[in-house]
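Participant: I am sharing start.txt, which consists of compact mmCIF, C-alpha atoms:
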# COMPACT_ATOMS: atom_id res chain seq x y z
CA MET G 1 54.87 33.95 57.10
CA LEU G 2 57.70 34.57 59.58
CA SER G 3 61.06 35.67 58.24
CA MET G 4 64.08 33.35 58.21
CA ASP G 5 65.78 35.86 60.53
CA ARG G 6 63.30 34.88 63.21
CA HIS G 7 64.05 31.20 62.56
CA GLN G 8 67.76 31.92 62.98
CA ASP G 9 67.01 33.80 66.21
CA LEU G 10 65.19 30.71 67.47
CA ILE G 11 68.15 28.48 66.57
CA ARG G 12 70.52 30.79 68.45
CA ILE G 13 68.28 30.75 71.53
CA LEU G 14 68.03 26.96 71.53
CA ASP G 15 71.77 26.64 70.86
CA SER G 16 72.64 28.73 73.90
CA ALA G 17 70.32 26.84 76.26
CA ASP G 18 71.63 24.19 78.65
CA GLY G 19 68.46 22.14 78.43
CA PHE G 20 64.83 22.46 77.43
CA LEU G 21 63.17 25.84 76.95
CA SER G 22 59.43 26.25 77.04
CA GLY G 23 57.50 27.84 74.21
CA GLU G 24 56.47 30.57 76.62
CA GLU G 25 60.11 31.39 77.49
CA ILE G 26 61.14 31.51 73.84
CA GLY G 27 58.07 33.50 72.90
CA GLY G 28 58.89 36.04 75.58
CA VAL G 29 62.33 36.63 74.10
CA LEU G 30 61.06 36.85 70.50
CA SER G 31 57.75 38.58 71.32
CA LEU G 32 55.82 35.77 69.63
CA SER G 33 53.01 33.44 70.67
CA ARG G 34 53.59 29.83 71.66
CA MET G 35 51.73 28.79 68.50
CA SER G 36 54.17 30.80 66.38
CA ILE G 37 57.09 29.14 68.17
CA SER G 38 55.56 25.70 67.57
CA ASN G 39 55.19 26.46 63.84
CA MET G 40 58.77 27.73 63.63
CA VAL G 41 60.05 24.59 65.31
CA ARG G 42 58.14 22.49 62.79
CA ASP G 43 59.72 24.46 59.92
CA LEU G 44 63.20 23.95 61.34
CA GLN G 45 62.59 20.24 61.82
CA LYS G 46 61.64 19.98 58.14
CA ASP G 47 64.94 21.69 57.30
CA GLY G 48 66.84 18.99 59.18
CA TYR G 49 67.29 20.48 62.64
CA TYR G 50 66.92 17.82 65.34
CA ILE G 51 64.68 19.56 67.88
CA GLU G 52 63.11 17.42 70.57
CA LYS G 53 59.72 18.52 71.84
CA ARG G 54 58.45 17.35 75.23
CA SER G 55 54.88 18.11 76.22
CA GLY G 56 54.78 20.42 79.24
CA VAL G 57 58.57 20.87 79.17
CA GLY G 58 59.53 22.57 75.92
CA TYR G 59 62.11 22.30 73.16
CA ARG G 60 65.75 21.27 72.93
CA LEU G 61 68.07 21.45 69.92
CA PHE G 62 70.57 18.64 69.33
CA ARG G 63 72.92 20.19 66.77
CA GLU G 64 75.12 17.09 66.47
CA LEU G 65 72.09 15.09 65.27
CA SER G 66 70.90 17.78 62.85
CA PHE G 67 71.38 17.43 59.10
CA THR G 68 70.92 20.77 57.37
CA LYS G 69 72.08 22.51 54.21
CA GLU G 70 73.96 25.14 56.21
CA MET G 71 75.81 22.58 58.32
CA VAL G 72 76.82 20.47 55.32
CA GLU G 73 77.99 23.46 53.30
CA LYS G 74 80.10 24.71 56.22
CA GLU G 75 81.63 21.26 56.76
CA PHE G 76 82.56 20.90 53.10
CA GLU G 77 83.75 24.42 52.31
CA ASP G 78 87.40 23.28 52.38
CA ILE G 79 86.82 19.79 50.92
CA VAL G 80 84.67 19.83 47.75
CA PRO G 81 81.70 21.89 46.47
CA VAL G 82 78.40 20.48 47.71
CA TYR G 83 74.87 20.38 46.28
CA PHE G 84 72.42 19.66 49.11
CA PHE G 85 68.77 18.58 48.96
CA GLN G 86 66.18 17.86 51.62
CA THR G 87 64.72 15.32 49.22
CA LEU G 88 65.62 14.43 45.66
CA GLU G 89 63.39 13.12 42.93
CA GLY G 90 65.32 10.31 41.28
CA SER G 91 68.80 9.57 42.63
CA SER G 92 71.90 11.50 43.64
CA ASN G 93 73.88 9.62 40.97
CA ASN G 94 71.51 10.78 38.25
CA TYR G 95 71.63 14.35 39.49
CA ALA G 96 75.44 14.24 39.63
CA LYS G 97 75.56 12.99 36.04
CA LYS G 98 73.18 15.78 35.02
CA LEU G 99 75.54 18.34 36.56
CA LEU G 100 78.47 16.81 34.69
CA SER G 101 76.56 16.95 31.41
CA GLU G 102 75.90 20.65 32.04
CA GLY G 103 79.62 21.34 32.43
CA THR G 104 80.02 21.31 36.22
CA GLU G 105 83.65 20.63 37.04
CA SER G 106 84.54 17.80 39.40
CA PRO G 107 85.24 17.12 42.18
CA PHE G 108 81.91 17.81 43.88
CA VAL G 109 79.36 15.96 45.99
CA VAL G 110 75.56 15.73 45.79
CA VAL G 111 73.92 15.12 49.18
CA THR G 112 70.30 14.38 50.01
CA ARG G 113 68.40 13.46 53.17
CA SER G 114 66.08 11.20 51.16
CA GLN G 115 65.48 10.28 47.53
CA SER G 116 62.71 8.66 45.54
CA GLY G 117 64.82 6.75 43.04
CA GLY G 118 67.84 5.35 44.85
CA LYS G 119 69.73 2.93 42.59
CA GLY G 120 71.56 -0.30 43.33
CA ARG G 121 73.57 -2.63 41.16
CA LEU G 122 72.01 -4.56 38.28
CA GLY G 123 69.23 -1.99 37.91
CA ARG G 124 67.73 -2.60 41.34
CA SER G 125 66.22 0.13 43.51
CA PHE G 126 67.73 1.18 46.84
CA SER G 127 65.31 2.22 49.58
CA SER G 128 66.25 5.77 50.64
CA PRO G 129 63.95 7.05 53.42
CA GLU G 130 64.75 9.86 55.85
CA GLY G 131 67.17 8.77 58.53
CA GLY G 132 69.85 7.78 56.07
CA VAL G 133 72.79 9.54 54.44
CA TYR G 134 72.74 9.46 50.63
CA PHE G 135 75.40 11.09 48.48
CA SER G 136 77.23 10.89 45.18
CA LEU G 137 80.87 11.92 45.15
CA VAL G 138 82.16 12.87 41.71
CA LEU G 139 85.92 12.58 41.24
CA PRO G 140 87.89 13.53 38.12
CA GLY G 141 90.11 11.00 36.36
CA ARG G 142 93.28 12.51 37.88
CA MET G 143 92.04 11.56 41.37
CA LEU G 144 91.16 7.96 40.49
CA PHE G 145 92.88 4.61 40.18
CA GLU G 146 94.35 3.70 36.85
CA SER G 147 91.91 0.77 36.90
CA ALA G 148 88.17 1.33 37.22
CA ASP G 149 87.78 -2.07 38.91
CA HIS G 150 89.23 -0.63 42.12
CA ILE G 151 86.91 2.34 42.50
CA THR G 152 83.96 0.53 44.07
CA THR G 153 86.00 -1.81 46.27
CA SER G 154 88.22 0.96 47.64
CA SER G 155 85.15 3.12 48.30
CA SER G 156 83.51 0.21 50.13
CA LEU G 157 86.50 -0.17 52.41
CA ALA G 158 86.77 3.57 53.11
CA THR G 159 83.07 3.70 53.98
CA ALA G 160 83.21 0.61 56.22
CA LYS G 161 86.25 1.92 58.09
CA ALA G 162 84.77 5.36 58.69
CA LEU G 163 81.47 3.94 59.92
CA GLU G 164 83.12 1.43 62.22
CA GLU G 165 85.40 4.07 63.70
CA LEU G 166 82.49 6.43 64.37
CA THR G 167 79.93 3.92 65.62
CA GLY G 168 82.02 1.12 67.07
CA ILE G 169 79.88 -1.37 65.11
CA GLU G 170 81.71 -3.99 63.04
CA SER G 171 81.12 -3.26 59.36
CA ARG G 172 81.99 -6.02 56.92
CA ILE G 173 81.91 -6.13 53.13
CA LYS G 174 80.11 -8.43 50.76
CA TRP G 175 81.99 -8.32 47.46
CA VAL G 176 81.78 -6.11 45.67
CA ASN G 177 79.95 -3.14 47.08
CA ASP G 178 77.65 -3.84 50.04
CA ILE G 179 78.39 -3.30 53.73
CA TYR G 180 76.72 -5.59 56.24
CA ILE G 181 76.19 -5.58 59.96
CA GLY G 182 75.81 -9.18 60.99
CA GLY G 183 73.74 -10.75 58.26
CA LYS G 184 71.88 -7.61 57.19
CA LYS G 185 72.68 -4.92 54.64
CA ALA G 186 73.37 -1.44 56.01
CA VAL G 187 75.13 0.32 53.12
CA GLY G 188 74.95 0.12 49.34
CA ILE G 189 77.50 1.60 46.94
CA LEU G 190 77.11 2.12 43.20
CA SER G 191 79.98 3.52 41.13
CA GLU G 192 79.45 4.70 37.57
CA GLY G 193 82.30 5.68 35.26
CA ILE G 194 82.10 8.53 32.76
CA VAL G 195 84.17 7.61 29.71
CA ASP G 196 86.20 10.10 27.67
CA LEU G 197 85.62 8.82 24.13
CA GLU G 198 88.55 10.79 22.72
CA LEU G 199 91.13 9.64 25.26
CA GLY G 200 89.61 6.20 25.79
CA GLY G 201 89.67 6.32 29.60
CA LEU G 202 87.61 7.53 32.54
CA SER G 203 87.11 11.28 32.63
CA SER G 204 85.40 10.99 36.02
CA ALA G 205 83.56 8.60 38.31
CA VAL G 206 80.30 9.01 40.20
CA ILE G 207 80.48 7.13 43.50
CA GLY G 208 77.02 6.78 45.01
CA VAL G 209 76.73 5.77 48.66
CA GLY G 210 73.56 5.06 50.63
CA ILE G 211 73.99 4.60 54.38
CA ASN G 212 71.19 3.38 56.64
CA LEU G 213 72.40 5.50 59.54
CA ASN G 214 69.52 6.48 61.85
CA THR G 215 66.80 4.75 59.87
CA PRO G 216 64.03 3.21 62.03
CA LEU G 217 62.74 -0.23 61.10
CA GLU G 218 59.31 1.07 60.08
CA ALA G 219 60.89 3.33 57.45
CA PHE G 220 61.98 0.32 55.39
CA PRO G 221 59.52 -1.32 52.99
CA GLU G 222 58.03 -4.35 54.71
CA GLU G 223 59.77 -6.81 52.39
CA LEU G 224 63.19 -5.40 53.35
CA ARG G 225 62.78 -5.47 57.13
CA VAL G 226 64.27 -8.96 57.43
CA LYS G 227 67.18 -8.10 55.10
CA ALA G 228 68.12 -4.52 55.94
CA THR G 229 69.30 -2.81 59.08
CA SER G 230 70.71 0.52 60.21
CA TYR G 231 73.43 1.64 62.59
CA TYR G 232 70.70 3.07 64.82
CA LEU G 233 68.92 -0.27 65.00
CA GLU G 234 72.15 -2.15 65.76
CA GLY G 235 73.71 0.39 68.13
CA GLY G 236 70.58 1.53 69.93
CA LYS G 237 71.39 5.23 69.49
CA ARG G 238 71.53 7.93 66.83
CA TYR G 239 74.74 9.00 65.14
CA PRO G 240 75.81 12.42 63.77
CA TYR G 241 74.87 12.76 60.11
CA VAL G 242 77.28 15.50 59.10
CA GLU G 243 80.30 13.93 60.79
CA VAL G 244 79.53 10.55 59.19
CA LEU G 245 79.12 12.17 55.78
CA SER G 246 82.36 14.13 56.09
CA ARG G 247 84.43 11.21 57.35
CA VAL G 248 83.19 8.86 54.63
CA VAL G 249 83.78 11.37 51.81
CA LYS G 250 87.28 12.19 53.09
CA GLY G 251 87.99 8.47 53.41
CA ILE G 252 86.96 7.74 49.81
CA ILE G 253 89.06 10.63 48.48
CA GLY G 254 92.08 9.50 50.47
CA ILE G 255 92.00 5.80 49.62
CA GLN G 256 92.65 5.99 45.88
CA ASN G 257 95.73 3.72 45.86
CA ARG G 258 96.27 -0.05 45.84
CA SER G 259 97.45 -0.33 49.45
CA TYR G 260 93.84 -0.83 50.54
CA LEU G 261 93.47 -4.36 49.11
CA ASP G 262 94.77 -6.41 52.05
CA GLU G 263 92.41 -4.67 54.44
CA TYR G 264 89.54 -5.07 51.98
CA ARG G 265 90.22 -8.81 51.86
CA GLY G 266 90.16 -8.94 55.65
CA ARG G 267 86.71 -7.37 55.76
CA CYS G 268 85.23 -9.38 52.89
CA PHE G 269 83.14 -11.95 54.73
CA ILE G 270 82.35 -14.20 51.75
CA ILE G 271 85.93 -15.42 51.27
CA GLY G 272 85.95 -19.11 52.16
CA LYS G 273 82.16 -19.36 51.76
CA ASP G 274 80.03 -21.27 49.27
CA VAL G 275 77.99 -18.97 47.05
CA ARG G 276 75.69 -18.91 44.05
CA ILE G 277 76.86 -16.69 41.20
CA LEU G 278 74.60 -14.47 39.10
CA SER G 279 75.90 -12.53 36.11
CA TYR G 280 73.61 -10.19 34.13
CA GLY G 281 70.60 -12.18 35.29
CA LYS G 282 72.11 -15.54 34.37
CA ASP G 283 72.58 -18.16 37.09
CA LEU G 284 76.10 -19.53 36.76
CA GLY G 285 75.67 -22.05 39.56
CA SER G 286 77.51 -22.59 42.83
CA ALA G 287 81.15 -21.99 43.67
CA ARG G 288 83.46 -21.39 46.60
CA CYS G 289 85.03 -17.96 47.07
CA ILE G 290 88.74 -18.34 47.66
CA ALA G 291 90.22 -14.86 47.27
CA VAL G 292 90.06 -11.30 45.98
CA ASP G 293 92.88 -10.81 43.48
CA ASP G 294 95.07 -7.76 42.88
CA ASP G 295 92.60 -6.44 40.31
CA ALA G 296 89.81 -6.51 42.94
CA HIS G 297 88.17 -9.44 41.13
CA LEU G 298 86.54 -12.23 43.09
CA VAL G 299 88.33 -15.56 42.68
CA VAL G 300 86.05 -18.60 42.86
CA ILE G 301 86.50 -22.32 42.32
CA LEU G 302 83.71 -24.21 40.58
CA PRO G 303 82.63 -27.77 41.47
CA SER G 304 84.57 -28.92 38.38
CA GLY G 305 87.77 -27.50 39.83
CA GLU G 306 87.90 -24.63 37.33
CA ILE G 307 89.01 -21.31 38.81
CA LYS G 308 87.34 -18.11 37.65
CA HIS G 309 88.14 -14.44 38.30
CA LEU G 310 84.89 -12.45 38.39
CA SER G 311 84.97 -8.76 37.58
CA SER G 312 81.21 -8.27 37.81
CA GLY G 313 78.04 -10.03 38.81
CA GLU G 314 76.49 -10.88 42.14
CA VAL G 315 77.07 -13.58 44.69
CA THR G 316 74.52 -14.95 47.13
CA LEU G 317 75.56 -16.94 50.17
CA LYS G 318 74.33 -20.54 50.18
CA LEU G 319 72.55 -21.35 53.41
Show me the file's structure as structure tokens.
Facilitator:
Amino acid sequence: MLSMDRHQDLIRILDSADGFLSGEEIGGVLSLSRMSISNMVRDLQKDGYYIEKRSGVGYRLFRELSFTKEMVEKEFEDIVPVYFFQTLEGSSNNYAKKLLSEGTESPFVVVTRSQSGGKGRLGRSFSSPEGGVYFSLVLPGRMLFESADHITTSSSLATAKALEELTGIESRIKWVNDIYIGGKKAVGILSEGIVDLELGGLSSAVIGVGINLNTPLEAFPEELRVKATSYYLEGGKRYPYVEVLSRVVKGIIGIQNRSYLDEYRGRCFIIGKDVRILSYGKDLGSARCIAVDDDAHLVVILPSGEIKHLSSGEVTLKL
């Protein structure tokens, strides 16, 4: 087994190169065989380094497309503590709640390149293959809105803005927590509040975000391929994981005030549309969305003319 020092030597060599380097050239510098170099490259790729291999040409490192523990920790050293995983059994939200239960002080962020148990709203699963960015940002009560209803909506807007600025791809919001490109879902957000039973308010919030960033179509389960998309699929190129992660987290931290609501309304594409309303598995029938109120509730008008303000539930566009 080669030492990690040798792996770091290989990274430095690839970093300093202007283009591709052959295995023979690298091996000559490190006094290693081409097979050893190939194995080292494979190890580094598993760790999140984006190294392109071309037969008969060699290797090239694209650091801006890499997604490694070292890069994330360096990026976040002046923002919040970070817990990074190549893959996570369960979900980042569950792991974040475990850390809280063990006494870990917030704020902090849990980041993973993939996870086996991604969670969506209403108990649904969220597909989380490699190629995406999955994280749970934990904020203490002092950094949150006075109203829990705003946490998910403000986080949705911050995420949509950061992604649109970085990719140039229009990112719109389906109330309350999903971000769509065209008619397909690209981002899911699930916020969970931790209640302080003594004080009767939120002690902290776990804001889970799953971004289909560079996810190829074949990575999605077959049943989701007509419903889901990624920024890579829509933009035709790959985007920098660490920069996206950093910009989204900073955006969520910085948006914790009510001034976001007008912009949220402007991005919410279901306003003015006819929808079907589901609440805790119960079909409440059809309605027309007419607004998002100052409490971040969806305002709908029923066929009877009755107006309702929805604080939870799900809406499905009527086709």
Participant: Please provide as a VMD selection string all residues within 8 Å of region 62-67 of chain G, with the sequence filter that same-chain residues fewer than 6 positions apart are discarded (counting all atoms listed in the file).
Facilitator: chain G and resid 15 47 to 52 113 238 to 242
Participant: Let me have the centre and edge lengths of the axis-aligned box enclosing all listed atoms of region 237-247 of chain G with 3 Å padding on every side, in Å to one decimal, as AutoDock Vina command-line options.
Facilitator:
--center_x 77.9 --center_y 10.4 --center_z 62.6 --size_x 19.0 --size_y 16.3 --size_z 19.7
Participant: Between G:Ile189, G:Arg247, G:Ser55, G:Gly103, which residue has the minimum interatomic distance to Glu164 (chain G), considering all atoms listed in the file?
Facilitator: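 Among the listed residues, the smallest separation from Glu164 (chain G) belongs to G:Arg247.
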Participant: With only C-alpha atoms counted, which protein, DNA or RNA residues have an atom no more than 9 Å from (83.9, 3.3, 51.3) in the file frame? Please answer as a list in words.
Facilitator: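 Those within range, by chain then number, are Thr152, Thr153, Ser154, Ser155, Ser156, Leu157, Ala158, Thr159, Ala160, Lys161, Ala162, Leu163, Asn177, Ile179, Ile189, Val209, Val248, Val249, Gly251, Ile252 and Ile255 of chain G.
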Participant: Kindly indicate which residue among G:Leu32, G:Ala287, G:Ala96, G:Leu10 lies nearest to Ile194 (chain G), using all atoms listed in the file for the distances.
Facilitator: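 Among the listed residues, G:Ala96 lies closest to Ile194 (chain G).
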Participant: Please identify all polymer residues lying at most 12 Å from the point (90.0, -10.6, 41.9) (file coordinates), using all atoms listed in the file, and present the result as a PyMOL selection string.
Facilitator: chain G and resi 149-150+153+175-176+261-262+264-265+271+289-300+307-312
Participant: G:Met143, G:Ser22, G:Lys237, G:Tyr260: which is nearest Gly168 (chain G), counting all atoms listed in the file?
Facilitator: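 Of the candidates, the smallest distance to Gly168 (chain G) is held by G:Lys237.
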Participant: Which residues come within 12 Å of Asp9 (chain G), counting all atoms listed in the file, excluding same-chain residues fewer than 6 positions away, as a VMD selection string?
Facilitator: chain G and resid 2 to 3 15 to 16 26 to 27 29 to 32 37 40 to 41 44
Participant: Could you tell me which of G:Asn93, G:Glu25, G:Phe145, G:Lys273 comes closest to Glu192 (chain G) if we count all atoms listed in the file?
Facilitator: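 The answer is G:Asn93, which sits nearest to Glu192 (chain G).
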Participant: Give me, please, the distance in Å between CA of Ser91 (chain G) and CA of Ser116 (chain G), quoted to one decimal.
Facilitator: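 Separation between CA of Ser91 (chain G) and CA of Ser116 (chain G): 6.8 Å.
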Participant: With all atoms listed in the file as the basis for distance, which of G:Val195, G:Val206, G:Val275, G:Ala186 is at the shortest distance from Leu233 (chain G)?
Facilitator: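 For Leu233 (chain G), the nearest of the given residues is G:Ala186.
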Participant: One number please: CA of Gly210 (chain G) to CA of Tyr83 (chain G), in Å, one decimal.
Facilitator: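 Between CA of Gly210 (chain G) and CA of Tyr83 (chain G) the gap works out to 16.0 Å.
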Participant: May I ask which of the residues G:Thr104, G:Ser286, G:Ser128, G:Thr167 is the closest one to Ser92 (chain G), counting only C-alpha atoms?
Facilitator: G:Ser128
Participant: Rounded to one decimal, what separation in Å do you get between CA of Lys282 (chain G) and CA of Ala148 (chain G)?
Facilitator: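 Taking CA of Lys282 (chain G) and CA of Ala148 (chain G), their separation equals 23.5 Å.
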Participant: Taking 3 positions as the minimum chain separation for residues in the same chain, which residues sit within 6 Å of Ile277 (chain G) when counting all atoms listed in the file? Answer as a list in words.
Facilitator: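 Close residues of Ile277 (chain G): Leu284, Gly285, Glu314 and Val315 of chain G.
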Participant: Give me the residues within 12 Å of Asp78 (chain G) as a PDB file with C-alpha atoms, keeping the file's coordinate frame, counting only C-alpha atoms and dropping any in the same chain fewer than 5 places off.
Facilitator:
ATOM      1  CA  VAL G  72      76.820  20.470  55.320  1.00  0.00           C
ATOM      2  CA  GLU G  73      77.990  23.460  53.300  1.00  0.00           C
ATOM      3  CA  PHE G 108      81.910  17.810  43.880  1.00  0.00           C
ATOM      4  CA  SER G 246      82.360  14.130  56.090  1.00  0.00           C
ATOM      5  CA  LYS G 250      87.280  12.190  53.090  1.00  0.00           C
TER       6      LYS G 250
END
Participant: Neighbouring residues of Leu137 (chain G) were defined as those with any atom within 7 Å, considering all atoms listed in the file; residues of the same chain fewer than 2 positions away were excluded. Please report them as a list of chain:residue names.
Facilitator: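 These residues fall inside the cut-off: G:Phe108, G:Val109, G:Val110, G:Phe135, G:Leu139, G:Val206, G:Ile207, G:Gly208.
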